[in-house]
Every structure is written in C-alpha cells, then in structure tokens.
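Structure below is entry29.cif: mmCIF, C-alpha atoms.
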```cif
data_final
#
loop_
_atom_site.label_atom_id
_atom_site.label_comp_id
_atom_site.auth_asym_id
_atom_site.auth_seq_id
_atom_site.Cartn_x
_atom_site.Cartn_y
_atom_site.Cartn_z
CA MET W 265 29.35 46.82 59.07
CA GLN W 266 26.84 45.67 56.54
CA LEU W 267 26.70 45.81 52.78
CA ARG W 268 23.56 47.54 51.48
CA LYS W 269 20.91 45.06 50.59
CA ASN W 270 20.51 44.13 46.94
CA ILE W 271 24.08 45.03 46.00
CA ALA W 272 24.77 42.80 43.03
CA THR W 273 28.20 41.27 42.46
CA SER W 274 29.62 38.98 39.84
CA GLU W 275 32.51 36.54 39.86
CA SER W 276 34.49 38.93 37.70
CA GLY W 277 34.42 41.55 40.46
CA PHE W 278 31.72 43.75 38.98
CA ILE W 279 29.65 45.47 41.65
CA PHE W 280 26.30 47.12 40.93
CA ASN W 281 24.30 49.24 43.35
CA PRO W 282 20.69 49.08 42.09
CA ALA W 283 19.63 51.97 44.32
CA THR W 284 22.03 54.47 42.76
CA GLY W 285 22.89 52.89 39.40
CA ASP W 286 26.60 53.05 40.27
CA SER W 287 28.87 50.25 39.20
CA PHE W 288 32.45 49.40 40.21
CA SER W 289 35.19 46.96 39.38
CA ALA W 290 36.78 45.21 42.32
CA ASN W 291 40.13 43.39 42.31
CA PRO W 292 40.05 39.69 43.25
CA LEU W 293 40.65 40.21 46.97
CA ALA W 294 38.09 43.02 47.26
CA SER W 295 35.66 40.87 45.36
CA GLU W 296 36.31 37.99 47.79
CA ILE W 297 35.71 40.24 50.80
CA ILE W 298 32.47 41.55 49.34
CA THR W 299 31.26 38.01 48.74
CA LEU W 300 31.98 37.19 52.38
CA LEU W 301 30.20 40.34 53.51
CA LYS W 302 27.20 39.32 51.45
CA GLN W 303 27.25 35.95 53.19
CA GLY W 304 26.85 37.84 56.47
CA LEU W 305 30.31 37.27 57.95
CA SER W 306 31.50 39.81 60.51
CA ALA W 307 34.60 41.99 60.04
CA SER W 308 36.66 39.86 62.45
CA GLU W 309 35.60 36.64 60.73
CA ILE W 310 36.59 38.03 57.33
CA LYS W 311 39.94 39.30 58.63
CA LYS W 312 40.62 35.89 60.15
CA ASN W 313 39.73 34.29 56.85
CA ILE W 314 42.18 36.56 55.00
CA GLN W 315 45.01 35.89 57.47
CA GLU W 316 44.51 32.16 57.08
CA LYS W 317 44.69 32.43 53.33
CA TYR W 318 47.29 35.15 52.75
CA ASP W 319 50.65 36.07 54.24
CA VAL W 320 49.83 39.42 55.79
CA GLU W 321 50.87 41.10 59.04
CA ASN W 322 48.22 42.19 61.49
CA GLY W 323 49.10 45.90 61.30
CA GLN W 324 49.08 45.92 57.52
CA LEU W 325 45.76 44.06 57.39
CA GLU W 326 44.13 46.55 59.77
CA LYS W 327 45.44 49.50 57.73
CA ASP W 328 44.27 48.02 54.45
CA TRP W 329 40.94 47.03 56.00
CA ASP W 330 40.25 50.59 57.17
CA ASP W 331 41.19 51.90 53.76
CA PHE W 332 38.90 49.42 52.03
CA LEU W 333 36.06 50.31 54.39
CA LEU W 334 36.48 53.98 53.52
CA GLN W 335 36.25 53.13 49.83
CA LEU W 336 33.07 51.12 50.38
CA ARG W 337 31.56 53.98 52.35
CA ASP W 338 32.56 56.52 49.70
CA ALA W 339 30.99 54.30 47.09
CA ASN W 340 27.77 54.27 49.09
CA LEU W 341 27.83 50.50 49.35
CA LEU W 342 27.51 50.25 53.14
CA ASP W 343 24.30 50.37 55.10
CA ASN W 344 25.61 52.74 57.78
CA MET D 118 -10.52 50.88 15.10
CA ASN D 119 -10.43 51.63 11.40
CA THR D 120 -11.79 49.48 8.59
CA ASN D 121 -9.06 46.87 8.74
CA ASN D 122 -9.46 46.63 12.50
CA LYS D 123 -6.16 48.18 13.40
CA LEU D 124 -5.99 50.36 16.48
CA VAL D 125 -5.23 53.86 15.18
CA VAL D 126 -3.16 56.01 17.52
CA ALA D 127 -1.97 59.53 16.75
CA VAL D 128 1.26 60.67 18.36
CA THR D 129 3.09 64.02 18.45
CA GLY D 130 6.74 64.70 19.30
CA LEU D 131 8.34 63.12 16.23
CA ASN D 132 11.42 65.32 16.62
CA ALA D 133 13.98 62.67 17.50
CA ILE D 134 16.79 65.23 17.52
CA ASP D 135 19.55 66.12 20.01
CA SER D 136 16.94 67.29 22.52
CA PRO D 137 14.38 64.71 21.49
CA GLY D 138 10.64 64.76 21.74
CA PRO D 139 9.15 61.57 23.22
CA GLY D 140 7.08 60.58 20.16
CA ILE D 141 9.38 58.00 18.59
CA ALA D 142 9.97 56.28 21.94
CA VAL D 143 6.21 56.25 22.60
CA ILE D 144 5.57 54.69 19.18
CA ARG D 145 8.27 52.08 19.69
CA ALA D 146 6.63 51.05 22.97
CA LEU D 147 3.19 50.90 21.31
CA ARG D 148 4.49 48.75 18.46
CA ASP D 149 6.11 46.40 20.98
CA GLU D 150 2.74 45.78 22.58
CA PHE D 151 0.26 45.93 19.70
CA LYS D 152 2.54 44.50 16.99
CA GLU D 153 0.87 44.55 13.54
CA ASN D 154 -2.48 45.50 15.03
CA ILE D 155 -1.69 49.19 15.30
CA ARG D 156 -1.55 52.04 12.81
CA ILE D 157 0.50 55.03 13.90
CA ILE D 158 -0.44 58.49 12.74
CA GLY D 159 2.27 61.06 13.29
CA LEU D 160 1.25 64.62 14.05
CA SER D 161 4.07 67.04 13.21
CA TYR D 162 4.79 70.75 13.40
CA GLU D 163 8.07 71.08 11.50
CA THR D 164 8.89 69.58 8.12
CA LEU D 165 12.21 68.16 9.31
CA GLU D 166 10.98 66.16 12.28
CA PRO D 167 12.77 62.84 11.63
CA GLY D 168 9.75 60.69 12.52
CA ILE D 169 7.87 61.99 9.45
CA TYR D 170 10.33 60.13 7.20
CA LEU D 171 10.62 56.92 9.24
CA HIS D 172 7.92 54.91 7.50
CA ASP D 173 8.48 51.74 9.48
CA VAL D 174 7.86 53.77 12.63
CA VAL D 175 5.11 56.16 11.54
CA ASP D 176 2.53 54.93 9.00
CA LYS D 177 1.36 58.39 7.94
CA THR D 178 2.06 61.89 9.15
CA TYR D 179 -0.11 64.99 9.10
CA GLN D 180 1.10 68.44 9.98
CA ILE D 181 -0.93 70.19 12.64
CA PRO D 182 -1.05 73.92 13.47
CA TYR D 183 1.30 75.36 16.07
CA PRO D 184 -0.18 75.64 19.57
CA SER D 185 -0.24 79.44 19.22
CA ALA D 186 -2.88 79.08 16.47
CA GLY D 187 -5.30 78.01 19.21
CA ALA D 188 -7.72 75.18 19.94
CA GLU D 189 -10.09 75.96 17.05
CA ALA D 190 -7.36 75.55 14.44
CA LEU D 191 -6.27 72.31 16.09
CA ILE D 192 -9.73 70.74 16.24
CA SER D 193 -10.41 71.69 12.66
CA ARG D 194 -7.26 69.87 11.56
CA ILE D 195 -7.92 66.87 13.81
CA ARG D 196 -11.44 66.53 12.36
CA TYR D 197 -9.91 66.34 8.89
CA ILE D 198 -7.37 63.72 10.00
CA HIS D 199 -10.05 61.76 11.89
CA GLU D 200 -12.27 61.58 8.81
CA LYS D 201 -9.44 59.94 6.93
CA GLU D 202 -7.93 57.80 9.65
CA ASN D 203 -10.63 57.11 12.25
CA LEU D 204 -8.39 57.87 15.22
CA ALA D 205 -8.97 55.87 18.39
CA VAL D 206 -6.47 57.61 20.69
CA ILE D 207 -4.25 60.71 20.58
CA ILE D 208 -1.09 60.93 22.70
CA PRO D 209 0.27 64.49 22.75
CA ASN D 210 3.88 64.69 23.89
CA PHE D 211 4.83 68.37 24.06
CA ASP D 212 4.31 70.61 27.09
CA ALA D 213 3.42 73.56 24.88
CA GLU D 214 0.62 71.77 23.03
CA LEU D 215 -1.01 70.22 26.08
CA TYR D 216 -3.11 73.26 26.94
CA ASN D 217 -5.06 72.92 23.67
CA PHE D 218 -5.35 69.14 23.87
CA ILE D 219 -6.62 69.30 27.45
CA LYS D 220 -9.12 71.97 26.48
CA LEU D 221 -10.41 69.83 23.61
CA GLN D 222 -10.69 66.55 25.54
CA SER D 223 -14.49 66.48 25.60
CA THR D 224 -14.73 67.50 21.93
CA PHE D 225 -12.40 64.66 21.04
CA ARG D 226 -14.58 62.29 23.05
CA THR D 227 -17.69 63.29 21.12
CA LEU D 228 -15.79 62.47 17.94
CA GLY D 229 -14.89 59.06 19.35
CA ILE D 230 -11.24 59.94 19.98
CA GLN D 231 -9.86 59.10 23.41
CA THR D 232 -7.09 60.87 25.32
CA PHE D 233 -5.68 60.23 28.78
CA LEU D 234 -4.54 63.62 30.02
CA PRO D 235 -4.30 65.53 33.29
CA THR D 236 -6.95 68.12 34.09
CA GLN D 237 -6.18 71.77 33.48
CA GLU D 238 -5.89 72.24 37.27
CA GLN D 239 -3.38 69.40 37.58
CA PHE D 240 -1.47 70.77 34.60
CA ASP D 241 -1.32 74.29 36.04
CA ALA D 242 -0.50 73.24 39.60
CA ARG D 243 2.78 71.55 38.63
CA ASP D 244 3.89 74.43 36.40
CA LYS D 245 7.31 75.63 37.51
CA ILE D 246 5.80 78.97 38.46
CA ASN D 247 3.54 77.20 40.97
CA LEU D 248 5.83 74.32 41.91
CA TYR D 249 6.88 75.57 45.36
CA ASN D 250 3.30 76.11 46.48
CA PHE D 251 2.40 72.77 44.94
CA GLY D 252 5.06 71.10 47.10
CA LYS D 253 3.85 72.91 50.22
CA LYS D 254 0.24 71.94 49.55
CA TYR D 255 1.00 68.25 49.11
CA ASP D 256 3.85 68.03 51.61
CA LEU D 257 6.43 67.24 48.94
CA LEU D 258 10.00 68.52 49.12
CA VAL D 259 10.55 71.23 46.49
CA PRO D 260 13.43 73.75 46.38
CA LYS D 261 12.54 77.23 47.58
CA ASP D 262 12.01 79.71 44.80
CA LYS D 263 11.04 83.27 43.99
CA ILE D 264 9.08 84.38 40.98
CA ILE D 265 10.41 87.72 39.74
CA TYR D 266 9.67 90.24 37.00
CA HIS D 267 12.48 92.80 37.55
CA VAL D 268 16.23 92.36 37.62
CA GLY D 269 16.38 94.44 40.82
CA GLU D 270 14.55 91.67 42.66
CA LEU D 271 17.62 89.44 42.34
CA ASN D 272 19.17 91.14 45.41
CA SER D 273 16.45 89.92 47.71
CA CYS D 274 16.52 86.50 46.05
CA ALA D 275 20.23 86.21 46.79
CA GLU D 276 19.67 87.25 50.42
CA GLU D 277 16.99 84.63 50.87
CA LEU D 278 18.31 81.76 48.77
CA ASN D 279 22.08 82.41 48.86
CA PHE D 280 24.54 81.70 46.06
CA PRO D 281 24.76 79.66 43.99
CA LEU D 282 21.18 79.90 42.80
CA VAL D 283 19.40 78.68 39.70
CA VAL D 284 17.83 81.18 37.30
CA LYS D 285 15.14 79.51 35.20
CA GLY D 286 13.17 80.53 32.14
CA LYS D 287 9.40 80.44 32.20
CA PHE D 288 9.21 77.46 29.84
CA TYR D 289 12.73 76.13 29.47
CA ASP D 290 16.43 76.60 30.30
CA ALA D 291 18.17 76.99 33.61
CA ILE D 292 21.43 78.75 34.45
CA ILE D 293 23.40 78.33 37.67
CA ALA D 294 24.61 81.72 38.95
CA HIS D 295 27.42 82.06 41.51
CA THR D 296 27.41 85.85 41.71
CA LEU D 297 24.91 88.68 41.37
CA GLU D 298 26.46 89.63 38.02
CA GLN D 299 25.98 86.11 36.70
CA ALA D 300 22.39 86.08 37.95
CA GLN D 301 21.68 89.41 36.23
CA LYS D 302 23.16 88.16 32.97
CA ALA D 303 21.05 84.99 33.22
CA PHE D 304 17.94 87.06 33.98
CA TYR D 305 18.36 89.15 30.81
CA LYS D 306 19.22 86.15 28.66
CA LEU D 307 16.27 84.03 29.80
CA SER D 308 13.70 86.83 29.85
CA ALA D 309 14.69 87.80 26.29
CA LYS D 310 14.21 84.20 25.18
CA TRP D 311 11.19 83.06 27.16
CA GLY D 312 9.57 86.21 28.54
CA TYR D 313 8.48 86.84 32.13
CA PRO D 314 8.40 85.83 34.91
CA ILE D 315 11.80 84.43 35.76
CA ILE D 316 12.05 81.73 38.39
CA VAL D 317 14.96 81.97 40.85
CA GLN D 318 15.44 78.69 42.65
CA GLU D 319 17.50 77.44 45.55
CA PHE D 320 20.46 75.37 44.32
CA ILE D 321 20.31 71.74 45.41
CA THR D 322 23.25 69.42 44.89
CA GLY D 323 22.98 65.69 44.59
CA THR D 324 22.26 62.87 42.19
CA GLU D 325 19.85 63.58 39.38
CA ILE D 326 17.14 60.95 39.09
CA ASN D 327 14.08 60.92 36.85
CA ILE D 328 10.92 58.94 37.40
CA ALA D 329 8.48 58.04 34.63
CA VAL D 330 5.00 57.79 36.14
CA LEU D 331 1.61 56.77 34.82
CA GLY D 332 -1.33 57.82 36.96
CA ASP D 333 -4.82 56.40 36.46
CA GLY D 334 -6.62 59.61 37.43
CA LYS D 335 -8.07 57.98 40.54
CA GLY D 336 -5.03 58.34 42.77
CA ASN D 337 -3.25 55.14 41.75
CA ALA D 338 0.19 55.03 40.18
CA THR D 339 -0.27 52.32 37.57
CA SER D 340 3.42 52.37 36.75
CA VAL D 341 6.55 53.92 38.26
CA ILE D 342 10.02 53.55 36.73
CA PRO D 343 12.95 55.43 38.32
CA MET D 344 16.01 56.08 36.16
CA ARG D 345 19.39 57.65 36.82
CA LYS D 346 21.02 59.52 34.00
CA LEU D 347 24.40 57.97 33.21
CA TYR D 348 25.37 60.36 30.42
CA ILE D 349 24.03 63.88 30.13
CA THR D 350 24.28 66.06 27.04
CA ASP D 351 25.18 69.74 27.16
CA LYS D 352 21.44 70.40 26.97
CA GLY D 353 20.96 68.41 30.14
CA LYS D 354 19.28 65.51 28.36
CA ALA D 355 19.91 61.89 29.25
CA TRP D 356 21.89 60.11 26.53
CA ALA D 357 22.14 56.99 28.65
CA GLY D 358 20.35 55.92 31.80
CA ILE D 359 19.72 52.96 34.08
CA THR D 360 16.66 51.76 35.98
CA LEU D 361 17.01 51.91 39.75
CA GLU D 362 15.58 50.03 42.69
CA ASP D 363 14.74 52.35 45.54
CA GLU D 364 11.52 52.11 47.52
CA LYS D 365 11.80 55.78 48.53
CA LEU D 366 11.60 56.86 44.89
CA ILE D 367 8.63 54.59 44.20
CA ASN D 368 6.86 55.86 47.30
CA LEU D 369 7.49 59.48 46.35
CA ALA D 370 5.91 58.91 42.94
CA LYS D 371 2.97 57.10 44.52
CA SER D 372 2.47 59.96 47.01
CA PHE D 373 2.51 62.46 44.16
CA VAL D 374 -0.14 60.53 42.22
CA ALA D 375 -2.26 59.89 45.31
CA ALA D 376 -2.15 63.57 46.30
CA THR D 377 -2.98 64.93 42.87
CA ASN D 378 -5.02 62.11 41.24
CA TRP D 379 -2.68 62.63 38.30
CA LYS D 380 -4.10 61.28 35.07
CA GLY D 381 -1.72 60.27 32.29
CA GLY D 382 2.01 60.07 31.92
CA CYS D 383 4.46 62.40 33.58
CA GLU D 384 8.10 62.67 34.57
CA LEU D 385 9.31 63.69 38.00
CA GLU D 386 12.77 65.25 37.98
CA ILE D 387 14.33 64.46 41.33
CA MET D 388 17.51 65.55 43.08
CA MET D 389 18.66 63.14 45.76
CA THR D 390 20.91 64.92 48.24
CA LEU D 391 23.83 63.30 50.05
CA GLU D 392 21.57 62.99 53.09
CA GLY D 393 19.08 61.04 50.98
CA LYS D 394 16.45 63.80 50.80
CA LEU D 395 14.39 63.72 47.61
CA PHE D 396 13.65 67.13 46.12
CA ILE D 397 11.20 67.42 43.24
CA MET D 398 12.94 69.81 40.84
CA GLU D 399 10.35 69.76 38.08
CA ILE D 400 7.27 67.85 36.97
CA ASN D 401 6.92 67.34 33.23
CA PRO D 402 3.27 66.69 32.35
CA ARG D 403 3.92 64.07 29.67
CA PHE D 404 6.07 61.03 28.97
CA PRO D 405 9.84 61.68 28.85
CA ALA D 406 11.92 60.98 25.72
CA TRP D 407 13.43 57.92 27.48
CA ILE D 408 10.00 56.31 28.00
CA TYR D 409 10.88 53.24 25.93
CA LEU D 410 13.01 52.18 28.91
CA SER D 411 9.73 51.62 30.81
CA ALA D 412 8.71 49.05 28.19
CA ALA D 413 12.19 47.49 28.19
CA ALA D 414 12.06 47.18 31.98
CA GLY D 415 8.68 45.45 31.91
CA GLN D 416 6.17 48.27 32.44
CA ASN D 417 5.08 49.51 29.04
CA GLN D 418 3.67 52.89 30.04
CA PRO D 419 2.60 54.15 26.57
CA ALA D 420 0.73 50.90 25.80
CA THR D 421 -0.86 50.96 29.24
CA LEU D 422 -1.94 54.56 28.72
CA VAL D 423 -3.68 53.53 25.49
CA LYS D 424 -5.49 50.71 27.32
CA LEU D 425 -6.59 53.10 30.07
CA ALA D 426 -7.72 55.64 27.46
CA LEU D 427 -9.85 52.94 25.83
CA GLY D 428 -11.51 52.24 29.16
CA GLU D 429 -9.77 48.99 30.03
CA THR D 430 -9.10 48.18 33.66
CA VAL D 431 -5.38 47.87 34.27
CA GLU D 432 -3.94 46.70 37.55
CA PRO D 433 -0.88 48.64 38.77
CA PHE D 434 2.42 47.03 37.85
CA THR D 435 4.41 45.65 40.76
CA ASN D 436 7.71 44.60 39.19
CA TYR D 437 10.28 45.86 36.75
CA GLU D 438 13.82 44.99 35.80
CA VAL D 439 16.47 46.90 37.70
CA GLY D 440 19.73 47.66 35.92
CA LYS D 441 18.18 48.01 32.47
CA ILE D 442 20.23 50.55 30.52
CA PHE D 443 19.32 52.67 27.53
CA ILE D 444 22.00 54.23 25.36
CA ARG D 445 20.71 56.66 22.79
CA TYR D 446 22.37 56.89 19.40
CA SER D 447 22.06 59.08 16.36
CA TRP D 448 21.52 57.78 12.84
CA ASP D 449 21.55 59.57 9.52
CA HIS D 450 18.29 58.60 7.89
CA ILE D 451 18.31 59.07 4.13
CA THR D 452 15.25 60.30 2.28
CA ASP D 453 14.46 62.03 -0.98
CA VAL D 454 13.53 65.59 -1.75
CA SER D 455 10.20 64.31 -3.13
CA GLU D 456 9.24 63.24 0.39
CA PHE D 457 10.25 66.62 1.77
CA GLN D 458 8.25 68.27 -0.98
CA LYS D 459 5.10 66.28 -0.11
CA ILE D 460 5.08 67.16 3.57
CA SER D 461 6.01 70.78 2.78
CA ALA D 462 3.38 71.28 0.08
CA PHE D 463 0.51 69.11 1.25
CA GLY D 464 1.12 68.81 5.00
CA GLU D 465 0.83 65.02 4.72
CA LEU D 466 3.23 62.19 4.09
#
```
Mind turning this structure into structure tokens?
Amino acid sequence: MQLRKNIATSESGFIFNPATGDSFSANPLASEIITLLKQGLSASEIKKNIQEKYDVENGQLEKDWDDFLLQLRDANLLDN
Amino acid sequence: MNTNNKLVVAVTGLNAIDSPGPGIAVIRALRDEFKENIRIIGLSYETLEPGIYLHDVVDKTYQIPYPSAGAEALISRIRYIHEKENLAVIIPNFDAELYNFIKLQSTFRTLGIQTFLPTQEQFDARDKINLYNFGKKYDLLVPKDKIIYHVGELNSCAEELNFPLVVKGKFYDAIIAHTLEQAQKAFYKLSAKWGYPIIVQEFITGTEINIAVLGDGKGNATSVIPMRKLYITDKGKAWAGITLEDEKLINLAKSFVAATNWKGGCELEIMMTLEGKLFIMEINPRFPAWIYLSAAAGQNQPATLVKLALGETVEPFTNYEVGKIFIRYSWDHITDVSEFQKISAFGEL
C-alpha cells in the first residue's frame, strides 16, 4: 500500500491531492498514519506503531485499518 | 508603441458577467506583466459590457461591429481605431468573432498590428461539428458523436450511443437526455436557438478538468495550466478552480499542440473517467475566462502571447504553482448615465 506521490499534508490534518484538486480533513490519528505512510513505513510497521502508542485490541485495529484503507482508496489517495 | 512609448493592446470580451468573456482576465494578466508600460484598448459590442466602465482596467473603449457585419466592416472600424491609438497587438476573445479576425490577419500585419491566432484550418478542425474526426485523425480520445439535421435521426443515435446522451447546439448549450422524449425536446430547443446541425454525443462521466494552453504555432506548447473546477454555475461555468499537477494532462495538451501546430491560446475541456482515461470534450479556440489563474500560477499566458505576437522568442515554461485557487466574485460597479450616453451615442468611451 502506497500513498500517491505528491500528496500534500499539513500538521493540522489537511490533505491535498494535487492531481485531482481534492482536499480532505483528517483526524489526528488518520493524520499520524498518513505521515507514517509518507515516510515509507509498511502497513505492519504502522500497525505496530499504533499498538505501542494506543490501547487497542488486535481485532479492532484490523477492522479500523481496513475501513481506513477503504476511505483512502475512495478518496483516490492510494497508488493502487 | 504609441507616442508615449506604451505598448498598445486591444482586447475584446469585456463582458465580465455571469457567463464571462475572458477580456478582463486577459487585461489583468497583461497589466501584471507590463505594469504602467501598457495601454489597454477595449473593443466592445454591447453598451453594458462592464469592462467599458472600468477605467482602471481599460484605458479607452471603442465599439466594433458585430461579427455578422463581416470582415470589411470590422477592418474599417479597426483602421479608425488604429489611426487614433496606434495598436501594436489585438487579442480577440470570442469564438464568434474569430473567423473575421483570422481572415484579416495579413491585413492587420500590413497596418503594423500583430495577432497570434490559429489558422482557419486549425480553427475549423476543432469545431464541435468536426471534433470526432479531429480526435481520430490525431489519435486523441474524443466521445463518439453524430451530426444530425432531423429529429427522426435521434433513434439511430440512441441505438449507437445509448442513453444517456448529450444533445448539443451548434455553437453553445448542451442538454443531457435520458430518454428519447427528452432528446427530442432538447433537439427542438437547441435547433430553435442555434440552428442546425445538432450534435448528439456519447455521455462520458468523470471529473471535469480544463487546460489553458498556449501554442507557439510551431508545435510547441509554450504554456500548459490544468485546472479543476471546484464550483460550477448553473451555466456550467467555473466560479472557483484549482491548478492541478498531473503529467498525463500536460502530455495530452502537448500532444494536441504538437499534432496541430496550434498557434495562440486555447482551452481543452477534458473529462477524466474513473479509469483515468482523458476524453477531450471540446476545444475552445481562445483563452478561457479563468486565464488569470495562469498568471497567478506563474505562467502568464496572455503576456506571453503578446511577446510571441511581437516576434520575441519565448522558451516554454516548465513550472507552475500547483494548488493555486481562483474564486470569482461579483461586484456592483457604479457609473453615471453620462458615461452610458457617451458609449451609446459615440461608440467610444
């Protein structure tokens, strides 16, 4: 899973796709994940990072992760 | 240049109304580049074109005859204006007037007035009546269409193109029809307004993107600025838009210019499908009304056109700012009846 190149993000959670002109507001956690994706971390590395930082069960994390992925894909922010 | 060494440029399309002409945006871009060294001459058709009364935008306006009066009437009026103003360049901005301006290009040149316009062949080839063949010829993706003269022909159009389909007027307007009845109604409405033929086009869904292009007439795209409409009026006009970064869009514009040797400004209306296919929906043979965005993003197309028209060598731009947004607004300009009286009675203001 890879974020499209040139996706611009800000610390406030604003996401801008320069290829489509679309912009989105992400909540703090989504914003954090996107930053990690931009740094090139893999899905498993990011999930590990979240579990270390937040109190979340494995099943719930996987469910939320899939949901988040769907939203990114719908928003045309993923490369494939 | 006139006596005080200002570059004198005449511009049409001063109708900055709800479906605006590009003139005011073109002038704004020119003033950005040439500052106090330019004198703008407005060329108007109607007495209530807002630009006529905006004296910090247009230095002086002259009314010119409607395109239907023909090339002779136009050149006669331009000669008069030229004697007074010593025009260096004319930038026409309406589709309907371009035929006469293109026809008169060499006459203008003998008078010392420069233009930077497509050839008549280039102008005709991208006409919506010829657009499908144009796409086939240059290997560009264009929606299938049928050119029809009788309402009965809609049946075969529907069989070939399926519903929904787009019924388009010869010059302007498009109506999406989901049934044969709707298509028939659209046919009658558009033929009554614009005459024949009617264009029936395959319906393409996707994201609407426009590209402002400046071709140097030798196959090079001197400038390409893609923009996505963020807010669209009920007339389909962009009221807000944002510059995009997409190599596919840039390459499409470059291919278009390389294939046609397009000379001058133009606007490609693109539909990007979900699969990422880029369909050319229409090619407007002049700058769009949002052209000031090109200057704001770092590629001042109107100013560059003037430089090209004056024979300067201009290298193609390579960069522009992505994410630049324009938001149009309306403004009630106040003037006096004496001004209205002058332009109405004397055709000059």
Per residue of chain D within 9 Å of chain W, which atom pair is closest and at what distance in Å (one decimal), using only C-alpha atoms, listed by chain and increasing number, as CSV?
```
residue,atom,partner,partner_atom,distance
D:Thr324,CA,W:Thr284,CA,8.4
D:Ile326,CA,W:Thr284,CA,8.9
D:Met344,CA,W:Gly285,CA,8.2
D:Arg345,CA,W:Gly285,CA,6.4
D:Lys346,CA,W:Gly285,CA,8.8
D:Leu347,CA,W:Gly285,CA,8.1
D:Gly358,CA,W:Gly285,CA,8.6
D:Ile359,CA,W:Gly285,CA,6.2
D:Thr360,CA,W:Gly285,CA,7.2
D:Leu361,CA,W:Pro282,CA,5.2
D:Glu362,CA,W:Ala283,CA,4.8
D:Asp363,CA,W:Ala283,CA,5.1
D:Glu364,CA,W:Ala283,CA,8.7
D:Val439,CA,W:Pro282,CA,6.5
D:Gly440,CA,W:Pro282,CA,6.4
```
For this session: Identify, on the basis of only C-alpha atoms, every residue whose closest approach to stretch 332-339 of chain W does not exceed 12 Å; exclude the query and any residue fewer than 2 positions from it along the same chain; express the result as a PyMOL selection string.
Result: (chain W and resi 265-268+271+279-281+283-291+293-295+297-298+301+307+325-330+341-344) or (chain D and resi 391)
Coordinates of box centre and edge lengths for stretch 302-321 of chain D, 6 Å on every side, axis-aligned, as AutoDock Vina command-line options:
```
--center_x 15.8 --center_y 80.4 --center_z 35.4 --size_x 26.8 --size_y 29.4 --size_z 32.4
```
For this session: Enter the distance from atom CA of D:Ala300 to atom CA of D:Glu386, in Å, rounded to one decimal.
Result: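 Distance reported for this atom pair: 22.9 Å.
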For this session: Rounded to one decimal place, report the atom CA of D:Ala338-atom CA of D:Val374 distance in Å.
Result: 5.9 Å
